[in-house]
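Asker: Dropping the structure in here first, questions after.
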Amino acid sequence: MELITEQSSPHRHLETLSTRELLERINAEDKTVPFAVERAIPQIEALIEALVPRMAAGGRLFYIGAGTSGRLGIVDASEIPPTYGAPPGWVIGIIAGGDSAIRKAVEGAEDSTTQAWEDLSEHHIDEQDFVVGIAASGTTPYVVHGLRACRQRGIPTGCITCNPGTPILDEADFPILVVTGPEFVTGSTRMKAGTAQKLVLNMISTTVMIRLGRVEDNKMVDMQLSNNKLIARGTRIVAQVTGLDEENARHLLLKYGSVREAIAAFRL
């Protein structure tokens with residue numbers, strides 16, 4: 001079976017094109033990605049509706065992937081604590097080859113049929129948790145067999161892939177298929193496929209955090225105040241919600257150490 005993401009690019013002789021031509025053609029391809037994601041919204045919705053009650057009851061969300069897909073999962077997971085004040089172990093990203101693979105490819109890591117389950121087992125995963133496999137190709141052994149091992153143990157699974165008819169879809173209780181077509185550079189799935197995966201991950205984690213009460217109105221009321229930029233952002237939120245001037249809003253925020261707590265104290 002020829003994977004769509006491995007099909008030859010419709011753009012030929014790239015080395016003969018000018019910088020402007022390359023940029024315009026890449027941009028034209030990128031514009032198609034949000035429409036491909038839009039077609040998958042019902043699938044994304046189904047996954048989130050299954051995930052929210054599990055996380056509300058104490059379950060965790062795991063992402064597993066290799067290469068670009070694994071890195072995207074780690075990026076999404078790592079943003080949850082600072083953005084939403086969630087515990088670091090609530091959303092966990094795992095990449096084939098371990099942490100060293102975040103910066104440098106680990107040869108053969110994605111071909112293991114057992115390592116994903118071993119990696120998940122280190123976190124004492126159980127039936128309360130939820131695992132999303134990320135693989136543009138839909139064939140990555142590390143991810144496919146990781147999901148299979150989860151399903152065999154009663155752990156619900158989802159996936160994000162860009163190729164129909166691939167093995168990962170058979171191992172996901174809640175599959176998400178985003179068909180982005182051939183890449184601008186043939187087979188370079190860090191491009192459109194990677195963009196699609198990032199968009200879907202944004203949608204999943206943001207919607208889940210909102211549904212779990214980590215956002216009020218459109219404000220990140222549980223954000224961590226870990227640097228001056230975030231303290232300034234928190235100050236603006238407190239000022240907007242309470243009507244206080246910036247100096248008093250900052251004082252209130254620093255006194256309570258939390259946007260949510262500062263606003264609640266003001267309302268008492």
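Ligands are numbered from 1 in the order shown, residues from 1 within each chain, and chains are lettered A, B, ... in the order they appear in the structure tokens.
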Region 69-99 of chain A near region 200-212 of chain A within 9 Å: what's each residue's closest atom pair and its distance in Å to one decimal, counting only C-alpha atoms, ordered by chain then ascending residue number, as a Markdown table?

Answerer:
```
| residue | atom | partner | partner_atom | distance |
| --- | --- | --- | --- | --- |
| A:Leu72 | CA | A:Leu201 | CA | 8.1 |
| A:Gly73 | CA | A:Leu201 | CA | 7.5 |
| A:Asp76 | CA | A:Leu201 | CA | 6.7 |
| A:Ala77 | CA | A:Ser205 | CA | 8.3 |
| A:Ile80 | CA | A:Ser205 | CA | 7.8 |
| A:Tyr84 | CA | A:Met209 | CA | 7.2 |
| A:Ala86 | CA | A:Met209 | CA | 8.9 |
| A:Val91 | CA | A:Ser205 | CA | 8.8 |
```

Asker: With N, CA and C atoms retained, export the selected residues as a compact mmCIF listing (two decimals), in the first residue's frame.

Answerer:
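Final output, out_14.txt:
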```txt
# COMPACT_ATOMS: atom_id res chain seq x y z
N LEU A 72 5.95 16.57 18.95
CA LEU A 72 4.74 17.38 19.03
C LEU A 72 3.92 17.02 20.27
N GLY A 73 3.84 15.74 20.57
CA GLY A 73 3.13 15.30 21.77
C GLY A 73 3.78 15.84 23.03
N ASP A 76 3.04 19.60 23.42
CA ASP A 76 1.69 19.86 23.89
C ASP A 76 1.57 19.54 25.37
N ALA A 77 2.10 18.40 25.79
CA ALA A 77 2.01 18.00 27.19
C ALA A 77 2.75 18.97 28.10
N ILE A 80 0.89 22.23 29.32
CA ILE A 80 -0.31 22.18 30.15
C ILE A 80 -0.09 22.73 31.56
N TYR A 84 -2.24 26.07 32.28
CA TYR A 84 -3.48 25.78 32.99
C TYR A 84 -3.28 25.39 34.45
N ALA A 86 -2.06 22.82 35.70
CA ALA A 86 -2.35 21.41 35.94
C ALA A 86 -1.10 20.70 36.47
N VAL A 91 -0.88 15.29 31.92
CA VAL A 91 -0.74 15.02 30.48
C VAL A 91 0.74 14.72 30.25
```

Asker: May I have all residues of region 22-229 of chain A that DSSP, computed from the backbone, assigns to strand (DSSP E), given as JSON, numbers by chain?

Answerer: {"A": [61, 62, 63, 64, 65, 91, 92, 93, 94, 95, 130, 131, 132, 133, 134, 157, 158, 159, 160, 161, 174, 175, 176, 177]}

Asker: What gap, in Å, lies between CA of Gly133 (chain A) and CA of Leu147 (chain A)?

Answerer: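 So the two atoms, CA of Gly133 (chain A) and CA of Leu147 (chain A), lie 6.7 Å apart.
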
Asker: Need the shell around region 3-12 of chain A: protein/DNA/RNA residues with any atom at most 12 Å away, counting only C-alpha atoms. Skip same-chain ones fewer than 6 positions apart. Format as a ChimeraX atom specification?

Answerer: /A:21-22,24-26,28-29,135-139,161-167,178-194

Asker: Based on the selection just made, write N, CA and C atoms of those residues as a compact mmCIF listing (two decimals), in the first residue's frame.

Answerer:
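part_24.txt, written as the output of this step:
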```txt
# COMPACT_ATOMS: atom_id res chain seq x y z
N GLU A 21 9.30 31.85 -5.02
CA GLU A 21 8.47 30.76 -5.54
C GLU A 21 8.35 29.62 -4.54
N LEU A 22 9.45 29.27 -3.89
CA LEU A 22 9.41 28.21 -2.89
C LEU A 22 8.48 28.59 -1.74
N GLU A 24 6.00 30.78 -1.66
CA GLU A 24 4.60 30.85 -2.08
C GLU A 24 3.99 29.47 -2.25
N ARG A 25 4.76 28.54 -2.77
CA ARG A 25 4.23 27.18 -2.96
C ARG A 25 4.07 26.45 -1.63
N ILE A 26 5.03 26.62 -0.73
CA ILE A 26 4.89 26.02 0.60
C ILE A 26 3.66 26.58 1.29
N ALA A 28 1.01 27.87 -0.06
CA ALA A 28 -0.20 27.37 -0.71
C ALA A 28 -0.57 25.98 -0.20
N GLU A 29 0.43 25.13 -0.01
CA GLU A 29 0.17 23.79 0.53
C GLU A 29 -0.30 23.88 1.98
N ALA A 135 1.03 9.39 14.78
CA ALA A 135 1.89 8.84 13.73
C ALA A 135 1.34 9.27 12.38
N ALA A 136 2.04 10.15 11.70
CA ALA A 136 1.58 10.63 10.40
C ALA A 136 1.39 9.47 9.43
N SER A 137 2.34 8.55 9.42
CA SER A 137 2.27 7.42 8.49
C SER A 137 1.14 6.47 8.83
N GLY A 138 0.86 6.34 10.13
CA GLY A 138 -0.12 5.35 10.58
C GLY A 138 0.44 3.95 10.68
N THR A 139 1.74 3.81 10.47
CA THR A 139 2.35 2.47 10.45
C THR A 139 3.47 2.30 11.47
N THR A 161 -3.54 10.48 12.73
CA THR A 161 -2.75 10.04 11.59
C THR A 161 -3.22 10.74 10.33
N CYS A 162 -2.41 10.62 9.28
CA CYS A 162 -2.72 11.33 8.02
C CYS A 162 -2.87 10.37 6.85
N ASN A 163 -2.98 9.07 7.12
CA ASN A 163 -3.11 8.08 6.05
C ASN A 163 -4.26 7.13 6.34
N PRO A 164 -5.25 7.05 5.44
CA PRO A 164 -6.35 6.10 5.62
C PRO A 164 -5.89 4.67 5.41
N GLY A 165 -6.63 3.74 6.00
CA GLY A 165 -6.36 2.32 5.79
C GLY A 165 -5.09 1.82 6.42
N THR A 166 -4.59 2.50 7.43
CA THR A 166 -3.33 2.11 8.06
C THR A 166 -3.57 1.40 9.40
N PRO A 167 -2.60 0.63 9.87
CA PRO A 167 -2.79 -0.19 11.08
C PRO A 167 -3.17 0.59 12.33
N VAL A 178 -6.64 12.79 9.50
CA VAL A 178 -6.56 14.08 8.81
C VAL A 178 -5.74 13.88 7.54
N VAL A 179 -6.40 13.82 6.41
CA VAL A 179 -5.73 13.53 5.15
C VAL A 179 -5.18 14.82 4.55
N THR A 180 -3.88 15.01 4.66
CA THR A 180 -3.24 16.25 4.21
C THR A 180 -2.59 16.11 2.83
N GLY A 181 -2.55 14.90 2.29
CA GLY A 181 -2.01 14.71 0.94
C GLY A 181 -0.50 14.65 0.89
N PRO A 182 0.06 14.56 -0.31
CA PRO A 182 1.51 14.51 -0.48
C PRO A 182 2.17 15.78 0.06
N GLU A 183 3.39 15.62 0.56
CA GLU A 183 4.12 16.77 1.10
C GLU A 183 4.81 17.58 0.00
N PHE A 184 5.13 18.82 0.30
CA PHE A 184 5.83 19.69 -0.65
C PHE A 184 7.17 19.08 -1.04
N VAL A 185 7.92 18.64 -0.04
CA VAL A 185 9.11 17.82 -0.28
C VAL A 185 8.67 16.39 -0.04
N THR A 186 8.75 15.55 -1.03
CA THR A 186 8.17 14.21 -0.97
C THR A 186 8.56 13.47 0.31
N GLY A 187 7.53 13.07 1.07
CA GLY A 187 7.73 12.28 2.27
C GLY A 187 8.11 13.05 3.52
N SER A 188 8.23 14.37 3.43
CA SER A 188 8.66 15.17 4.59
C SER A 188 7.45 15.50 5.46
N THR A 189 7.05 14.55 6.29
CA THR A 189 5.82 14.69 7.07
C THR A 189 5.95 15.65 8.25
N ARG A 190 7.12 16.23 8.43
CA ARG A 190 7.22 17.29 9.44
C ARG A 190 6.52 18.56 8.95
N MET A 191 6.15 18.57 7.67
CA MET A 191 5.53 19.77 7.09
C MET A 191 4.01 19.74 7.27
N LYS A 192 3.24 19.41 6.24
CA LYS A 192 1.78 19.49 6.37
C LYS A 192 1.23 18.52 7.41
N ALA A 193 1.72 17.30 7.42
CA ALA A 193 1.21 16.33 8.39
C ALA A 193 1.53 16.78 9.81
N GLY A 194 2.75 17.29 10.01
CA GLY A 194 3.12 17.78 11.33
C GLY A 194 2.27 18.97 11.76
```

Asker: Could you check the closest approach to Leu225 (chain A) for each of A:Tyr256, A:Ile44, A:Glu15, A:Gly67 and tell me which residue wins, using only C-alpha atoms?

Answerer: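 For Leu225 (chain A), the nearest of the given residues is A:Tyr256.
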
Asker: Using only C-alpha atoms, pick whichever of A:Asn27, A:Gln43, A:Thr68, A:Ser112 has the shortest atom-to-atom distance to Phe174 (chain A).

Answerer: A:Gln43

Asker: Pick out the residues sitting within 12 Å of region 126-131 of chain A, and hand them over as a compact mmCIF listing (two decimals) with N, CA and C atoms, in the first residue's frame; count only C-alpha atoms, and ignore anything fewer than 4 positions along from it in its own chain.

Answerer:
```txt
# COMPACT_ATOMS: atom_id res chain seq x y z
N LEU A 47 -13.37 11.84 20.49
CA LEU A 47 -12.25 11.54 21.39
C LEU A 47 -12.34 12.39 22.65
N ILE A 48 -12.58 13.67 22.50
CA ILE A 48 -12.63 14.56 23.66
C ILE A 48 -13.78 14.19 24.59
N ALA A 50 -14.98 11.34 25.15
CA ALA A 50 -14.60 10.14 25.91
C ALA A 50 -13.50 10.45 26.92
N LEU A 51 -12.65 11.41 26.59
CA LEU A 51 -11.50 11.73 27.43
C LEU A 51 -11.86 12.57 28.66
N VAL A 52 -12.72 13.56 28.51
CA VAL A 52 -13.00 14.50 29.59
C VAL A 52 -13.47 13.81 30.87
N PRO A 53 -14.47 12.94 30.82
CA PRO A 53 -14.91 12.32 32.08
C PRO A 53 -13.83 11.47 32.74
N ARG A 54 -12.95 10.86 31.96
CA ARG A 54 -11.86 10.07 32.54
C ARG A 54 -10.89 10.97 33.29
N MET A 55 -10.54 12.10 32.68
CA MET A 55 -9.61 13.01 33.35
C MET A 55 -10.28 13.67 34.55
N ALA A 56 -11.57 13.94 34.45
CA ALA A 56 -12.29 14.52 35.59
C ALA A 56 -12.30 13.56 36.77
N ALA A 57 -12.24 12.27 36.47
CA ALA A 57 -12.25 11.26 37.53
C ALA A 57 -10.84 10.88 38.00
N GLY A 58 -9.82 11.59 37.49
CA GLY A 58 -8.46 11.33 37.95
C GLY A 58 -7.56 10.63 36.97
N GLY A 59 -8.08 10.30 35.79
CA GLY A 59 -7.25 9.65 34.78
C GLY A 59 -6.28 10.62 34.14
N ARG A 60 -5.32 10.06 33.43
CA ARG A 60 -4.31 10.88 32.76
C ARG A 60 -4.37 10.68 31.26
N LEU A 61 -3.82 11.67 30.54
CA LEU A 61 -3.72 11.60 29.09
C LEU A 61 -2.26 11.37 28.71
N PHE A 62 -2.02 10.34 27.92
CA PHE A 62 -0.68 10.05 27.41
C PHE A 62 -0.65 10.24 25.91
N TYR A 63 0.42 10.85 25.41
CA TYR A 63 0.71 10.87 23.99
C TYR A 63 1.93 9.99 23.75
N ILE A 64 1.87 9.14 22.72
CA ILE A 64 3.05 8.38 22.33
C ILE A 64 3.31 8.61 20.84
N GLY A 65 4.57 8.75 20.48
CA GLY A 65 4.92 8.98 19.09
C GLY A 65 6.41 8.84 18.88
N GLY A 73 3.84 15.74 20.57
CA GLY A 73 3.13 15.30 21.77
C GLY A 73 3.78 15.84 23.03
N GLY A 89 2.08 15.61 35.87
CA GLY A 89 1.81 14.25 35.45
C GLY A 89 0.42 14.00 34.91
N TRP A 90 -0.32 15.07 34.66
CA TRP A 90 -1.71 14.91 34.17
C TRP A 90 -1.75 14.61 32.68
N VAL A 91 -0.88 15.29 31.92
CA VAL A 91 -0.74 15.02 30.48
C VAL A 91 0.74 14.72 30.25
N ILE A 92 1.02 13.55 29.68
CA ILE A 92 2.40 13.06 29.58
C ILE A 92 2.71 12.72 28.13
N GLY A 93 3.79 13.26 27.62
CA GLY A 93 4.25 12.94 26.27
C GLY A 93 5.43 11.98 26.33
N ILE A 94 5.36 10.93 25.53
CA ILE A 94 6.42 9.92 25.48
C ILE A 94 6.88 9.77 24.04
N ALA A 116 7.14 0.78 23.55
CA ALA A 116 6.10 1.74 23.95
C ALA A 116 5.40 1.29 25.22
N TRP A 117 5.05 0.01 25.27
CA TRP A 117 4.38 -0.47 26.49
C TRP A 117 5.32 -0.41 27.68
N LEU A 120 5.29 3.18 28.79
CA LEU A 120 4.05 3.51 29.47
C LEU A 120 3.98 2.87 30.86
N SER A 121 4.49 1.67 30.97
CA SER A 121 4.44 0.95 32.24
C SER A 121 5.23 1.65 33.33
N GLU A 122 6.24 2.41 32.94
CA GLU A 122 7.02 3.16 33.94
C GLU A 122 6.16 4.18 34.67
N VAL A 143 4.28 2.98 17.88
CA VAL A 143 2.97 3.54 18.22
C VAL A 143 1.86 2.50 18.05
N VAL A 144 1.86 1.81 16.92
CA VAL A 144 0.81 0.82 16.65
C VAL A 144 0.78 -0.26 17.72
N GLY A 146 2.13 -0.08 20.68
CA GLY A 146 1.83 0.52 21.97
C GLY A 146 0.33 0.63 22.20
N LEU A 147 -0.40 1.08 21.18
CA LEU A 147 -1.86 1.16 21.29
C LEU A 147 -2.47 -0.24 21.43
N ARG A 148 -1.94 -1.19 20.69
CA ARG A 148 -2.45 -2.55 20.78
C ARG A 148 -2.30 -3.10 22.20
N ALA A 149 -1.16 -2.87 22.80
CA ALA A 149 -0.91 -3.34 24.16
C ALA A 149 -1.88 -2.68 25.14
N CYS A 150 -2.19 -1.42 24.91
CA CYS A 150 -3.15 -0.73 25.77
C CYS A 150 -4.54 -1.34 25.65
N ARG A 151 -4.97 -1.55 24.44
CA ARG A 151 -6.32 -2.09 24.23
C ARG A 151 -6.45 -3.48 24.83
N GLN A 152 -5.39 -4.27 24.74
CA GLN A 152 -5.41 -5.61 25.32
C GLN A 152 -5.60 -5.57 26.83
N ARG A 153 -5.26 -4.43 27.43
CA ARG A 153 -5.35 -4.27 28.89
C ARG A 153 -6.50 -3.37 29.30
N GLY A 154 -7.40 -3.08 28.38
CA GLY A 154 -8.58 -2.31 28.70
C GLY A 154 -8.36 -0.82 28.84
N ILE A 155 -7.26 -0.31 28.29
CA ILE A 155 -6.96 1.11 28.34
C ILE A 155 -7.46 1.76 27.04
N PRO A 156 -8.31 2.75 27.11
CA PRO A 156 -8.86 3.36 25.89
C PRO A 156 -7.78 4.08 25.09
N THR A 157 -7.96 4.09 23.78
CA THR A 157 -6.93 4.63 22.89
C THR A 157 -7.54 5.55 21.83
N GLY A 158 -6.72 6.48 21.39
CA GLY A 158 -7.05 7.32 20.24
C GLY A 158 -5.82 7.43 19.37
N CYS A 159 -5.96 8.03 18.21
CA CYS A 159 -4.79 8.24 17.36
C CYS A 159 -4.99 9.47 16.50
N ILE A 160 -3.88 10.02 16.03
CA ILE A 160 -3.88 11.10 15.05
C ILE A 160 -2.97 10.66 13.92
N GLU A 171 -6.18 0.11 15.82
CA GLU A 171 -5.82 -0.01 17.22
C GLU A 171 -6.35 1.14 18.07
N ALA A 172 -7.08 2.06 17.46
CA ALA A 172 -7.59 3.22 18.17
C ALA A 172 -9.09 3.12 18.37
N ASP A 173 -9.54 3.25 19.61
CA ASP A 173 -10.97 3.30 19.87
C ASP A 173 -11.57 4.59 19.32
N PHE A 174 -10.75 5.64 19.30
CA PHE A 174 -11.21 6.95 18.82
C PHE A 174 -10.19 7.49 17.83
N PRO A 175 -10.25 7.02 16.58
CA PRO A 175 -9.27 7.45 15.57
C PRO A 175 -9.56 8.84 15.04
```

Asker: Would you list the contacts of Thr83 (chain A) as a list in words, taking every protein, DNA or RNA residue within 10 Å and counting only C-alpha atoms, but skipping same-chain residues closer than 2 positions in sequence?

Answerer: Ser78, Glu79, Ile80, Pro81, Gly85, Ala86, Thr206, Met209, Arg214, Val215, Met220, Val221, Asp222, Met223, Gln224, Leu225 and Leu230 of chain A

Asker: Counting only C-alpha atoms, which residue out of A:Gln115, A:Asn218, A:Gln197, A:Asn228 sits closest to Val75 (chain A)?

Answerer: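 Using only C-alpha atoms, Val75 (chain A) sits closest to A:Gln197.
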
Asker: Please return, as a PyMOL selection string, all residues of region 35-73 of chain A that DSSP assigns to alpha helix (DSSP H) on the basis of the backbone.

Answerer: chain A and resi 35-39+41-56+67-73

Asker: Go through A:Ile95, A:Ile134, A:Ala101, A:Leu199 and flag the residue nearest Pro34 (chain A), using only C-alpha atoms for the distances.

Answerer: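 Result for the nearest residue to Pro34 (chain A): A:Leu199.
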